[in-house]
Every structure is written in C-alpha cells, then in structure tokens.
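Participant: Pasting a structure below so you can have a look.
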Amino acid sequence: MRVPIDWLSDYVEVGIGATELSERLAMTGTEVARVLQHGPPAPANFVVGKVLSAEAHPDADRLRVCSVDCGEKDPRTIVCGAPNVAAGQTVAVALPGAVMPDGTELGEAKLRGVKSSGMILAEDELGIGGDHDGIMVLGDELVSGMALAEVFSLSSEVLEPEVTPNRGDCGGLYGIAREVHAATGAPLSAPPWADDPGASTIGSTPAGISVTVEDAALCPRFTARVFENVTIAPSPIWLKARLAAAGQRSISNVVDITNYVMLVSGHPLHAFDLDAIAGGELTVRSARAGETLTTLDGEERELDTDICLIADADGPTSLAGVMGGSRSEVSDQTTRVLLEVAVWDGANINRTSTRLGLRSEASSRFEKGLSPEGALEAQAMATALMLELTGATLTDGTLDIGGEGPAANVIRLRDARIVSLLGTQIAREESQRILETLGFTVSAADDGLDVTVPHWRRDDVTREADLIEEVARIHGLDSLPSTLPINRTGRAGGLSREQRLIRRAEDALVGRGLCEIVGWSFTDPQICDKLLLGSDHPLRDLVVIENPMSSAQSVMRPSILPSLLDAAAYNMARGAEGCALFESGSVYRGGRSEEGFAANEHHGLGAIVTGPVRPPSWNDAQPPTARIETAHALVSGVLGALSIEWEVEDGELPFLHPGRTAMIRTNTGLLGWFGEVHPAVATAWGIDQPIAALAIDIGRAAAQAPGQQIFNDLTSFPPLREDLAVIVPAAVSAASVVACITEAGSPLVSRAEVFDVYSGEQVGEGRVSLALHIDFAAVDRTLTDEEVSPIRDKIVAALKAEVDGELRG
Amino acid sequence: MIERVAEIQKQAEAEITAASSSAALEGLRVQYLGRKAELPQLLRDVAQLPPDLRGEAGRTANEARQALEAMIETAAARFEAAEMSAALESDNVDITLPGSPAEAVGHHHLLSATRREIEDVFCGLGYSVVEGPEVETVHYNFDALNHDPAHPARARSDTFYIEGGGDGPDQTLLRTHTSPMQIRIMEQTPPPIALIVPGRVFRRDSDATHTPQFHQIEGLLVDEGVTLADLKGTLLAFARAIFGEGRELRLRPHFFPFTEPSVEVDVSCFMCDQGAAPDGGRCSLCKGTGWLEVLGSGMVDPNVFAAVSDHGYDPNAHQGFAFGLGIERIAMLKHGVPDLRFFYENDLRFLRQFG
C-alpha cells in the first residue's frame with residue numbers, strides 16, 4: 001500500500017518529515033518499507049499558464065510556437081510539440097529551473113532556431129498516468145502564474161507501510177492517519193464519510209433491483225445504492241494525480257471514485273452497470289461445480305463450490321470480494337450505476353484468491369477481515385463524489401442486507417494487569433489518552449478502565465492483553481526495564497544426555513579431520529535411481545511435497561548419503577582431490593514415526609571420505625586412499641566415543657559396493673552401515689574413485705548409549721599379555737577368530753585384538769595369518785603363567801576345532 | 001712412601017685439571033689408577049711395610065686414590081654433558097618443515113557452530129534444549145498457535161504441504177517455524193518451563209534473502225509473573241553474549257499470531273557508532289540505522305495457553321514469553337557472511353573458515 005503524505009495530510013496534520021514519521025510508525029508497530037518520491041522532487045517553477053497564441057513553427061511542421069501568460073510581466077515563448085495545443089487553453093507549465101520527476105533540470109532551449117523558455121506539460125511528464133497524446137488542459141477558472149501544486153497533488157513523498165495482518169483497518173489512508181495521530185499527537189480531522197449525502201435514503205430499499213444473500217456467513221453485509229443520470233467521463237486532474245501518487249491508474253470517473261474511496265476508507269467497492277445486470281436481480285451464492293466467469297482482467301476462470309460469487313439472471317457476474325466480471329462492468333455508455341459495498345468472509349476470500357492465483361487490491365483488504373459498519377462509511381464517501389463528479393442523482397433507498405456487526409465489546413483493563421504483563425507501570429490517565437486517540441471509548445472503573453472497542457478493531461482487540469499491547473506500543477517500550485525471570489523452582493537447564501552425546505559424536509568426526517556440511521532436506525526423486533534402489537526398496541517410500549518449488553526439490557531426502565555426494569561432487573568439480581565430509585541432520589521416510597509424528601524422521605549422522613585419508617606431506621607424499629576400513633575406523637571412533645558395544649555384520653545395500661558393505665549391529669538392532677559406495681553410484685555423481693561412507697542413526701545410538709559409568713578396577717591386578725599368530729582359511733573372518741578366543745578363554749580373556757594380517761607363500765594358498773594381542777586378567781588377583789597356560793591350550797584347541805586354525809611358527 | 005703418594009697426587013691433579021676431553025681423561029685414569037699404575041702398586045706394597053707404618057701409609061695412599069677417582073669422575077661428567085650437547089647441536093633439522101604425517105583439521109559448519117553457541121548461552125540461563133519433528137500438522141504449526149484461518153502463511157504459496165497428507169487440522173506440512181514445539185512441550189510438561197527449540201524449518205520462498213530451508217531457534221518460558229521486562233532482560237543477556245558487551249536492545253511493537261504484545265527486537269550495531277562507520281561513512285552492516293533486526297518475540301498469547309489448558313496451563317495464572325530467531329541471520333551478522341547461498345553450497349573454502 002502507498003500512502004502519499006500530501007494526501008494523508010487531508011486527514012491528519014503531519015508536522016514532521018517522512019523519515020521521522022516512518023521511524024515513529026515503526027516504533028509503534030507499523031514498519032515502513034520505503035519512502036518514495038512521487039512527481040517532481042520539489043513544486044517550485046511549476047505554474048498555471050494561459051496560451052495566448054499558438055502559431056506554426058517556421059521550420060518544423062509538428063511544432064508550434066506558443067505565447068504563454070505565466071503570470072509574469074511579459075508572456076513567455078514556449079515551443080510545443082503537442083497536437084492539441086491551442087490558443088485560449090489553460091495549461092500546466094514547467095519554467096526553466098524546474099526539476100522533472102526523473103531528476104533533470106529544465107533549461108532554456110532552442111528548438112529548430114526558436115528559443116523556448118519553458119515546457120507545456122503532458123500528464124505522463126508529471127507521473128500522472130501514461131497519457132502522452134497531448135498536453136494537460138486545465139480548468140479555465142485557474143489564474144495564470146498560480147503554483148501548480150495548489151491545483152493538484154504535484155509532488156509528494158509516499159510511504160510504503162507494511163500493514164500487519166491483524167490491521168484490516170489500516171488498509172486505507174484514514175486508518176493510517178489515525179495511527180499517525182496516536183503515534184505523533186498530530187490533530188486528526190473528522191473522517192471524510194462523516195456527512196452522508198444519502199443519509200436520508202437509509203431505511204428504504206431502492207427500486208428496480210433485488211438482492212438475495214444465500215449464505216450470510218460468506219457475506220455478513222451487502223449494501224447498494226443506485227445512481228442515475230451518470231455521465232462517464234475522465235476524472236478531474238486532482239483525482240487522477242492522487243490515484244497516480246498511490247500507484248493506481250485512472251480509468252474513468254466512476255471507477256476512479258470506487259478506487260479513491262477504497263484507498264481512503266480501506267473498504268473496497270464495486271460499481272455495476274445497472275442496465276447490464278440481467279433481470280435486475282443479484283444473488284450472492286457459492287459457485288456451482290464447473291461454472292466459469294470472465295473477470296475484468298479478461299481471464300476466463302473456472303470456479304469451484306467453495307468460491308463465493310455474485311450472479312444475475314444470466315449467471316455469474318462478479319467474483320465476490322476479489323474481482324468484478326466483464327459482463328456487468330461500467331462502460332462509456334453507462335448511465336445507471338449500482339454501487340455495491342459488501343463485507344466478505346476473510347478466510348474464504350483468502351482461499352479463493354489463492355486457489356485462482358488472483359490477488360487484487362480488494363482481496364488483499366477483504367482477507368484481513370473488514371467491519372460491516374465500514375460498508376456504509378464507504379457508501380457515504382462514494383455518494384458524495386458520485387454526485388459531485390458524475391452529475392448523478394441518487395435514487396431513494398439504501399439496500400442493506402446483514403446490517404451492522406455485533407454490539408461493541410467492553411473490556412476491563414486493570415492497572416495491575418498492565419504491571420504484571422509488562423513489568424512496568426503506565427499511568428491510568430496515559431492509558432486512557434492512548435486508547436482514546438486510537439478511537440476506543442473509555443470510562444473509569446474501580447481497578448482500571450472499561451474500554452469499548454470501535455467497530456474497526458472488533459476482530460483484533462478482544463481481550464485485556466490486546467488492550468495492553470495497544471497501550472504499550474503507543475506509550476513506547478524505551479523505558480521498559482531489563483529484568484531476568486525468577487527461577488522459582490531452580491531449573492538447571494542444559495543439554496540432555498542424548499544431545500551431549502550427539503555433540504560428542506560430531507566432535508569425534510571433526511577431531512578426525514572431517515568438515516561438516518549442511519545439505520538440503522529437499523531432493524530429487526530421481527536419486528532413487530541414482531542410488532540403484534530396486535523398485536520395491538523401502539527407501540523409495542518417500543515423503544513427497546505436494547507444492548514443491550521445483551521437481552529437483554520435490555521430495556525429502558531418505559538418506560544423508562546423497563547430500564554428502566552432492567557436496568563432494570561440488571568440491572571435486574572445483575579442484576578438490578578428495579574430501580572428508582559429514583552431516584548431522586534429519587532423514588525422512590514415509591509412514592509414521594515411533595513417537596506417532598506425521599512422518600518417519602530420524603536424526604542421522606553420515607560421513608564420506610574419498611581420496612587420500614590424510615593430506616599428503618613432505619615425507620608422506622602418498623597417504624593411503626580411503627577405503628572401507630577408513631569408514632570402519634570412523635564408526636569405531638564415533639561409537640567408541642559413545643561407549644556403544646557393536647559388531648559388524650554382513651549386509652546388502654544397493655548403493656554400496658557388494659563386497660564392501662557392512663552393517664552396524666548392536667544388541668538392540670541395526671544402527672547403520674558403512675562401506676564403499678558402489679562405483680556406479682559414485683560415477684552417477686561424477687566421482688571416479690573409491691568413496692568410503694557410513695551412516696548411523698545417531699538419535700537412536702545416543703538414546704541407547706550406556707548411562708552413568710561405574711568404576712572398574714583395571715589397575716590393581718595388571719593383565720598378563722600374550723601375542724598369538726594363527727593361520728586360518730581366508731574365508732574365516734577376523735571377528736570370528738576373536739569371538740572364538742574370547743569364548744574359549746572366558747572369563748579370563750579381557751581383550752583379544754587383531755594387530756597384523758598376513759597372507760602369502762609362507763602361510764599357504766587360501767589361508768591367512770592373523771596376529772593378535774590377548775590380555776588375560778581377573779578382577780581379584782594377578783594371574784600367573786601356571787593359571788594361564790591351560791587356558792591358552794584351550795584357546796589353541798578351540799581355534800583348531802572351530803575355525804580350522806593352526807598356530808604359526 | 002707417603003711423600004711419593006703426595007707427589008703422584010699433586011702431579012695427577014694438575015694433569016686432570018688440564019685434561020681437555022673425556023678421551024684424555026680416560027688416559028689419565030689408566031695412567032694413575034690402572035692396574036699397572038704406580039699408586040695402586042704402592043697400595044699393594046703397603047702390606048710389606050713394617051706394621052707401625054702400614055696404617056698411615058695405607059690410609060694416605062687410599063685417600064689419594066679416592067680423591068683422584070672422584071676428581072676424574074667429576075671431570076668426566078662435565079665432559080660427557082658438554083660432548084652430548086655438542087653432538088645434539090650438530091644433529092639438527094629444519095624445524096619449519098610442516099608436521100608429518102599431516103593431520104587434517106576438521107570443522108563444524110558455521111550454522112552448527114552458531115547454533116551451539118546460542119544453545120550454550122541459553123543453557124547457562126537455565127533453559128533446556130528440545131527438538132521436534134520437521135514434518136508437522138496444521139494443528140501444531142498453525143491452529144494451536146492462534147493463526148487465523150485466513151493467515152497468509154497458511155497459503156500454498158507460502159507453506160510446503162505433504163502429498164497425501166490429509167485434510168483439516170491433521171493435514172501434514174513442513175513446519176514453517178520451530179514454534180509447534182511450544183505446544184508439544186506444553187502438552188507434556190506442566191509449568192514452569194524454560195526451553196529453546198533449535199531446528200530446521202521450511203518456507204516456500206527463494207530469492208536473495210530467502211532460502212526454502214533455514215534454521216531457527218525458538219525460546220519459550222512460562223511461569224507465574226513473567227513480564228515483558230523479563231523478556232527484554234533475557235534477550236539483552238543473549239545479545240551481549242553473542243554480539244559483545246555493551247550491546248543495547250530496542251523493542252519495536254509488531255504482530256505475531258501467538259504473542260500479545262509482540263515485539264521485534266533490534267540489537268545495537270556492533271560494527272559502528274549509531275550508524276556511522278569508523279571511517280565516517282554509513283555503516284554497511286546496519287545500513288546506517290545503528291540497529292540490527294535480530295528476532296521476533298512477545299508475551300505468549302492467552303489463546304495459546306487455552307489450547308493447552310488441559311495440561312496445567314491457565315491463561316489467568318500463567319504468563320510467558322516466546323521468541324524466535326534465525327540462525328542464518330545471526331551467523332551472517334556476526335561473521336560478515338554476505339549471502340545466504342554460502343551456507344548450503346558447502347564449498348570447502350567456505351567451510352574451512354569457521355567452526
């Protein structure tokens with residue numbers, strides 16, 4: 001919305017500059033996005049002139065040499081190119097020194113050898129409409145030399161306030177004027193609808209028109225007046241200039257009046273050509289399935305049954321509260337006008353304009369919810385202008401269906417409540433003064449004030465807290481003290497155990513040199529194919545967005561892996577040799593979560609490492625390339641940090657290398673996976689080298705991490721340490737050898753760990769040698785060789801029997 | 001014999017003192033104390049002396065031997081230390097070569113680092129941190145938070161809805177703010193409560209200053225007698241912790257559906273003095289206003305308490321405040337990041353600058 005200060009000043013005596021006013025409005029709740037300049041930056045050197053003569057230019061067919069009386073001693077010679085310039089006209093003249101709206105300063109000029117000391121102006125040269133067909137011709141009653149700014153709104157600063165959705169009353173200049181009044185104390189004039197020339201017609205119904213409202217919930221009030229003998233004509237220049245300053249195009253006097261009144265009152269109006277209303281009857285009803293309507297913008301629109309429309313005997317003629325229809329629009333031939341001012345249900349208008357993708361000045365005001373009383377205010381103001389500007393006569397009667405809104409609400413505002421909500425006191429007299437400047441009616445009560453809410457704030461101010469906000473925002477919050485809430489119950493606050501553990505897990509990866517990324521939650525449904533997911537793979541159960549911004553962002557990611565691959569591809573395309581990345585964030589899958597939330601989301605921790613496992617350096621020029629064991633070590637680091645016991649299990653995931661896929665198993669189930677990305681998947685992301693990857697449901701991991709740790713005495717009785725090398729068939733996993741040793745040596749084996757792996761001639765084809773550290777320990781004594789020796793024999797026997805293992809050398 | 005011992009001792013002492021290396025010293029040790037040297041020989045000869053002379057001669061020779069041994073020991077220790085120093089000093093390397101094997105340095109993403117920093121401030125003020133689902137329902141995201149049925153944020157042009165997500169209050173959507181957790185927590189926890197809700201949120205908006213996904217931290221404190229002044233004090237503590245001591249706050253009245261009164265909170269610019277940059281020009285951070293718009297907040301609307309009145313919240317007895325801030329915005333202001341896109345591009349050259 002645009003608020004020309006020049007126009008605003010009709011209603012409130014703005015005594016301060018636009019910048020200061022904007023700041024004051026911002027500090028009382030109405031942000032001003034911008035201050036614009038409409039028209040020339042200053043009104044100086046723009047005057048009224050009288051064309052005394054207009055002769056043909058000696059050297060140019062299209063130019064005239066005019067003698068113009070500009071109120072000075074001698075007439076000026078002005079060369080003019082407009083086809084319509086003629087002697088006897090009263091015109092707008094820019095004298096040399098005038099600064100035009102585009103910032104250029106007008107000088108004296110020679111045009112084809114004739115000196116021109118000024119310019120006769122067309123409308124578009126002043127920013128009024130796009131009309132450059134000819135010069136503006138003004139009323140002959142104007143005196144030459146008069147400042148143009150006295151004739152119409154020539155130059156004004158224009159505010160662009162951002163009206164919050166609760167303030168339907170600020171959709172018009174008078175509402176803004178009331179805010180300015182409250183915010184600055186500037187005197188407020190009586191509203192421009194105070195005198196209704198049609199007041200005497202209220203109570204009777206105009207003849208020749210019948211209106212039916214089928215659903216009062218959709219249309220709480222419908223009013224109409226009928227004007228006859230209307231002459232459609234261009235609007236006077238003052239009206240055109242004001243509309244232009246507010247950013248609106250002039251159409252014709254009647255349409256301009258409806259727009260002008262809307263801009264002041266905030267209440268949209270609609271003018272019908274009464275003779276184009278079939279059958280002289282209007283019905284307000286819901287659209288029928290399949291019905292269409294051609295709106296004023298020329299579009300044919302298909303309606304649905306939630307849309308409210310106005311129909312005549314021939315069908316839909318207007319889209320209620322959003323836009324009129326072309327069939328009944330006012331034309332040059334119109335002589336009888338039905339002026340409708342109605343109130344529509346805000347939610348329904350919002351839905352309709354969203355559904356049709358059609359937002360208008362009317363819909364954006366109606367959807368905030370307007371008061372029924374405002375309808376007749378707009379009628380009053382429009383009636384005066386119709387009579388003044390169109391030569392119309394008002395027929396007797398004001399059609400009114402629905403009438404005024406509910407009785408005004410009276411709310412008690414307690415002094416004590418102000419203190420308890422704000423934490424500071426505001427004097428009762430001050431509260432009263434503030435509320436009265438905003439249009440509330442106030443009377444004294446024992447413990448505060450009884451406040452009557454004006455109709456234009458009916459929906460917005462309904463409770464004591466709303467009144468306190470009104471008082472506080474105008475009073476200002478500068479003097480509000482800063483205090484801290486009392487912690488009555490001694491809350492300790494802090495992170496939960498799970499949150500601390502998740503930070504620990506993230507820190508473990510940062511400590512190992514990985515960089516954290518933040519990927520998009522949105523992804524492309526085609527990633528399912530890129531990840532080689534089978535048609536019935538559970539990860540294809542995606543959370544799909546109904547109204548995405550693009551198909552590449554139309555589903556929620558079912559895994560963090562694609563986000564990591566995106567980031568890796570991005571960086572490798574920019575010269576990175578490899579990267580080590582992780583992300584800690586949400587993963588989304590279809591179906592409901594265990595907690596009953598709307599989707600199956602979990603907090604995932606994913607990482608990938610590709611290229612060298614560490615940066616090369618001068619005596620480490622070729623560090624090893626990241627492989628599955630890199631991911632394995634990271635999983636050990638992360639889960640180790642959380643003290644989670646886990647083991648590796650075989651698994652199959654379509655996007656991982658089938659020979660290098662491992663599942664992370666704990667006693668409560670699978671916690672994630674690690675491995676190497678399938679080469680075909682890596683290639684799909686443009687990466688042609690091994691990618692070690694892992695994913696852990698870190699939310700679940702943190703939840704199942706052991707709680708408080710209890711002391712274990714591991715120092716009083718040191719373990720007996722032995723190394724052992726065993727040759728086993730290559731198919732035997734390291735984990736099964738460890739398990740065999742641990743079980744056979746139970747309970748004295750406290751640790752068994754592979755520290756070397758060898759395969760080659762010395763151990764024979766198809767076999768591998770594993771070297772292990774074994775610790776033997778007891779909690780209550782230091783073990784002796786004699787005690788350990790038989791256990792060692794048991795282990796050797798078990799290795800032989802269970803994994804075909806034989807001790808090496 | 002005693003005289004001879006004294007002579008040997010004197011001569012040996014002079015030579016030991018003059019010795020210039022541990023090798024020379026070793027030669028002297030062999031020369032004076034070795035098996036074939038004169039002094040040990042004299043000591044062995046003591047037995048052949050008459051008994052009345054043996055005592056004194058033996059003692060004298062023995063003392064001389066011990067004195068020389070001690071002297072050689074001391075001198076040897078001195079030489080060893082000096083010689084080791086000399087050897088170590090010549091065994092030097094170029095200490096300016098980089099460490100090896102190299103250790104990669106990891107980084108938290110700036111958004112995570114900022115989030116943690118803010119979380120830690122509020123943890124210190126006694127708040128808990130809670131998180132909630134990102135796929136939410138119309139009920140929790142709008143209805144229970146007092147959003148008018150016509151509130152523009154509900155529009156399909158503003159909010160992402162989930163396909164097959166049903167209708168009415170149970171219709172599913174991507175949460176547009178972290179505020180739904182206000183309701184979820186109040187349903188589970190009776191007052192008093194003090195918590196913050198960090199998390200990812202989504203709005204259907206993409207231009208120079210908006211990305212369709214961003215991160216928020218929501219705060220909620222409910223108790224008896226909580227005031228707007230308490231909100232101001234809390235946010236002042238936050239502003240000073242994040243942007244530095246000496247920051248001031250400005251509260252601007254505003255409108256949010258779930259708070260009443262509602263205020264936008266500006267923090268005094270930390271890059272300039274009331275809008276004027278150190279070089280006298282207009283401050284580029286605050287655009288010369290002296291204030292940075294940082295967050296929205298207000299006193300919890302009574303209707304929000306009414307939505308959870310079955311869970312111990314009484315609009316007449318309880319008051320509270322809520323606030324919401326954008327993590328991206330705080331990070332951009334604090335670290336001078338000029339463009340939102342950097343956060344989601346994940347360019348290593350960006351990531352390695354922070355966290």
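All residue names refer to the structure tokens as shown: chains lettered A, B, ... in order, residues numbered from 1 in each chain, ligands numbered from 1 in order.
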Using only C-alpha atoms, which residues sit within 10 Å of B:Cys123 once same-chain residues fewer than 2 positions away are excluded, as number ranges by chain?

Facilitator: A: 492-495; B: 117-121, 125-129, 194-196

Participant: Identify all chain B residues at most 7 Å from chain A by counting only C-alpha atoms; ligands do not count. Present them as a PyMOL selection string.

Facilitator: chain B and resi 100-109+123+126-129+133+135-136+149-150+155-156+160-163+172+225-230+232-234+250-255+260-261+344+346-348+351

Participant: Run DSSP on the backbone and give me the residues of stretch 89-251 of chain B it puts in strand (DSSP E or B), as number ranges by chain.

Facilitator: B: 107, 128-129, 135-137, 161-162, 172-174, 193-202, 207, 210, 213-223, 249-251

Participant: Atoms to include: N, CA and C atoms. Write the selected residues as a short mmCIF file (atom, residue, chain, number, x, y, z; two decimals), in the first residue's frame.

Facilitator:
data_model
loop_
_atom_site.label_atom_id
_atom_site.label_comp_id
_atom_site.auth_asym_id
_atom_site.auth_seq_id
_atom_site.Cartn_x
_atom_site.Cartn_y
_atom_site.Cartn_z
N HIS B 107 36.14 -29.21 10.73
CA HIS B 107 35.40 -28.00 11.10
C HIS B 107 33.92 -28.31 11.28
N SER B 128 16.34 -25.56 28.87
CA SER B 128 16.60 -26.87 28.29
C SER B 128 16.52 -26.74 26.78
N VAL B 129 17.10 -27.70 26.10
CA VAL B 129 17.06 -27.71 24.64
C VAL B 129 16.18 -28.89 24.22
N VAL B 135 8.34 -32.63 9.90
CA VAL B 135 7.06 -32.84 9.22
C VAL B 135 5.99 -32.73 10.30
N GLU B 136 5.18 -31.71 10.20
CA GLU B 136 4.23 -31.37 11.26
C GLU B 136 2.80 -31.40 10.73
N THR B 137 1.87 -31.05 11.61
CA THR B 137 0.47 -30.97 11.18
C THR B 137 0.01 -29.52 11.23
N TYR B 161 3.18 -28.32 1.67
CA TYR B 161 2.31 -29.37 2.19
C TYR B 161 2.78 -30.72 1.66
N ILE B 162 2.44 -31.77 2.43
CA ILE B 162 2.90 -33.11 2.08
C ILE B 162 1.83 -33.82 1.27
N THR B 172 -0.68 -32.71 6.88
CA THR B 172 0.75 -32.61 7.20
C THR B 172 1.44 -31.60 6.29
N LEU B 173 2.47 -31.01 6.84
CA LEU B 173 3.22 -29.96 6.15
C LEU B 173 4.64 -29.97 6.69
N LEU B 174 5.51 -29.21 6.03
CA LEU B 174 6.85 -28.99 6.59
C LEU B 174 6.72 -27.80 7.51
N ILE B 193 8.20 -23.82 32.73
CA ILE B 193 9.12 -24.38 31.74
C ILE B 193 10.00 -23.27 31.17
N ALA B 194 11.17 -23.65 30.77
CA ALA B 194 12.08 -22.72 30.09
C ALA B 194 12.84 -23.55 29.08
N LEU B 195 12.62 -23.31 27.82
CA LEU B 195 13.28 -24.16 26.83
C LEU B 195 13.55 -23.41 25.54
N ILE B 196 14.49 -23.93 24.81
CA ILE B 196 14.70 -23.44 23.45
C ILE B 196 14.57 -24.62 22.50
N VAL B 197 14.13 -24.31 21.29
CA VAL B 197 13.93 -25.34 20.26
C VAL B 197 14.71 -24.95 19.02
N PRO B 198 15.89 -25.53 18.83
CA PRO B 198 16.61 -25.26 17.59
C PRO B 198 16.14 -26.22 16.51
N GLY B 199 16.22 -25.81 15.27
CA GLY B 199 15.87 -26.77 14.23
C GLY B 199 15.68 -26.17 12.86
N ARG B 200 15.46 -27.09 11.92
CA ARG B 200 15.33 -26.73 10.52
C ARG B 200 13.87 -26.43 10.22
N VAL B 201 13.62 -25.38 9.47
CA VAL B 201 12.25 -25.01 9.10
C VAL B 201 12.20 -24.69 7.61
N PHE B 202 10.98 -24.61 7.08
CA PHE B 202 10.82 -24.54 5.63
C PHE B 202 9.76 -23.51 5.25
N ASP B 207 14.87 -16.36 -2.81
CA ASP B 207 15.43 -15.20 -3.50
C ASP B 207 16.71 -14.81 -2.78
N HIS B 210 16.15 -15.18 0.94
CA HIS B 210 15.40 -16.31 1.49
C HIS B 210 15.84 -17.61 0.83
N GLN B 213 14.77 -23.55 2.88
CA GLN B 213 15.02 -24.21 4.16
C GLN B 213 15.96 -23.29 4.93
N PHE B 214 15.69 -23.14 6.21
CA PHE B 214 16.61 -22.37 7.05
C PHE B 214 16.48 -22.87 8.48
N HIS B 215 17.19 -22.23 9.41
CA HIS B 215 17.24 -22.76 10.77
C HIS B 215 16.82 -21.69 11.76
N GLN B 216 16.05 -22.12 12.73
CA GLN B 216 15.53 -21.20 13.74
C GLN B 216 15.86 -21.70 15.13
N ILE B 217 15.84 -20.78 16.07
CA ILE B 217 15.81 -21.20 17.48
C ILE B 217 14.64 -20.48 18.12
N GLU B 218 13.79 -21.28 18.70
CA GLU B 218 12.60 -20.77 19.36
C GLU B 218 12.86 -20.81 20.84
N GLY B 219 12.37 -19.83 21.57
CA GLY B 219 12.50 -19.88 23.03
C GLY B 219 11.14 -19.74 23.66
N LEU B 220 10.94 -20.40 24.78
CA LEU B 220 9.65 -20.30 25.49
C LEU B 220 9.90 -20.41 26.98
N LEU B 221 9.40 -19.45 27.72
CA LEU B 221 9.48 -19.51 29.18
C LEU B 221 8.10 -19.22 29.73
N VAL B 222 7.58 -20.11 30.56
CA VAL B 222 6.26 -19.91 31.15
C VAL B 222 6.34 -20.13 32.65
N ASP B 223 5.79 -19.18 33.37
CA ASP B 223 5.73 -19.31 34.83
C ASP B 223 4.69 -18.31 35.30
N LEU B 249 19.35 -3.00 23.48
CA LEU B 249 18.20 -3.54 22.76
C LEU B 249 17.19 -2.44 22.47
N ARG B 250 16.48 -2.63 21.39
CA ARG B 250 15.35 -1.75 21.10
C ARG B 250 14.16 -2.66 20.77
N LEU B 251 13.05 -2.44 21.42
CA LEU B 251 11.87 -3.25 21.15
C LEU B 251 10.91 -2.44 20.28
#

Participant: Using only C-alpha atoms, which protein or nucleic acid residues come within 12 Å of A:Asp133? Drop anything in the same chain fewer than 3 positions from it, and give the result as a list in words.

Facilitator: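 Contacts, in chain order: Gly81, Ala82, Pro83, Asn84, Val85, Leu121, Ala122, Glu123, Asp124, Glu125, Gly129, Gly130, Met136 and Val137 of chain A.
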
Participant: Please produce a file of those selected residues containing C-alpha atoms, as a PDB file, in the first residue's frame.

Facilitator:
ATOM      1  CA  GLY A  81       5.034  19.606 -29.974  1.00  0.00           C
ATOM      2  CA  ALA A  82       1.596  18.519 -28.763  1.00  0.00           C
ATOM      3  CA  PRO A  83      -1.067  18.250 -31.466  1.00  0.00           C
ATOM      4  CA  ASN A  84      -3.807  19.576 -29.179  1.00  0.00           C
ATOM      5  CA  VAL A  85      -2.230  22.832 -28.053  1.00  0.00           C
ATOM      6  CA  LEU A 121       3.267  19.613 -19.753  1.00  0.00           C
ATOM      7  CA  ALA A 122       1.552  16.353 -20.596  1.00  0.00           C
ATOM      8  CA  GLU A 123       0.254  14.090 -17.802  1.00  0.00           C
ATOM      9  CA  ASP A 124       2.941  11.458 -18.083  1.00  0.00           C
ATOM     10  CA  GLU A 125       5.655  14.073 -17.664  1.00  0.00           C
ATOM     11  CA  GLY A 129      -0.874   8.132 -15.962  1.00  0.00           C
ATOM     12  CA  GLY A 130       0.718   7.147 -19.248  1.00  0.00           C
ATOM     13  CA  MET A 136      -2.987  18.575 -19.998  1.00  0.00           C
ATOM     14  CA  VAL A 137      -5.761  21.122 -20.359  1.00  0.00           C
TER      15      VAL A 137
END

Participant: Give me the residues near A:Glu722 as a VMD selection string, where near means some atom within 7 Å (using only C-alpha atoms) and where sequence neighbours in that chain fewer than 6 positions away do not count.

Facilitator: chain A and resid 773 to 775

Participant: Okay, now the selection with N, CA and C atoms, as a PDB file, in the first residue's frame?

Facilitator:
ATOM      1  N   HIS A 773      46.830 -59.572  19.897  1.00  0.00           N
ATOM      2  CA  HIS A 773      47.184 -59.352  21.302  1.00  0.00           C
ATOM      3  C   HIS A 773      46.082 -59.960  22.138  1.00  0.00           C
ATOM      4  N   ILE A 774      46.493 -60.711  23.182  1.00  0.00           N
ATOM      5  CA  ILE A 774      45.481 -61.258  24.092  1.00  0.00           C
ATOM      6  C   ILE A 774      45.838 -60.835  25.512  1.00  0.00           C
ATOM      7  N   ASP A 775      44.878 -60.276  26.225  1.00  0.00           N
ATOM      8  CA  ASP A 775      45.073 -59.945  27.646  1.00  0.00           C
ATOM      9  C   ASP A 775      44.311 -60.955  28.498  1.00  0.00           C
TER      10      ASP A 775
END

Participant: Could you state the separation of atom CA of A:Val757 and atom CA of A:Ala692 in Å, given to one decimal place?

Facilitator: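 Interatomic distance here is 21.0 Å.
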
Participant: At a cut-off of 7 Å, using only C-alpha atoms, what residues contact stretch 178-189 of chain A? Leave out same-chain residues fewer than 6 positions from it and give the result as a count of residues only.

Facilitator: 12

Participant: Excluding A:Glu373 and any residue of its chain fewer than 3 positions from it, enumerate the residues within 12 Å of it, using only C-alpha atoms, and give them as a ChimeraX atom specification.

Facilitator: /A:169,193,220-223,265,267,341-343,370,376-380,400,402-408,454-458

Participant: Neighbouring residues of stretch 310-323 of chain A were defined as those with any atom within 9 Å, considering only C-alpha atoms; residues of the same chain fewer than 3 positions away were excluded. Please report them as a ChimeraX atom specification.

Facilitator: /A:219,268-270,277-287,291-297,307,326-329,342-345,349,352-353,358-367

Participant: Using only C-alpha atoms, pick whichever of B:Leu231, B:Ser268, B:Arg282, B:Gly336 has the shortest atom-to-atom distance to B:Gly298.

Facilitator: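 Nearest to B:Gly298: B:Leu231.
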
Participant: Rounded to one decimal in Å, what is the spacing between atom CA of B:Val130 and atom CA of A:Arg504?

Facilitator: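 Calculated distance between atom CA of B:Val130 and atom CA of A:Arg504 is 17.2 Å.
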
Participant: So which bits of stretch 5-194 of chain B end up helix (DSSP H, G or I) when you DSSP the backbone, as a PyMOL selection string?

Facilitator: chain B and resi 5-18+22-33+38-48+51-90+110-124+138-141+143-145+152-154+168-170+180-188

Participant: Taking only C-alpha atoms into account, name the residue in B:Ala18, B:Leu285, B:Ala306, B:Leu295 that is nearest to B:Glu328.

Facilitator: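 Going through B:Ala18, B:Leu285, B:Ala306, B:Leu295 one by one, the smallest distance to B:Glu328 is for B:Leu295.
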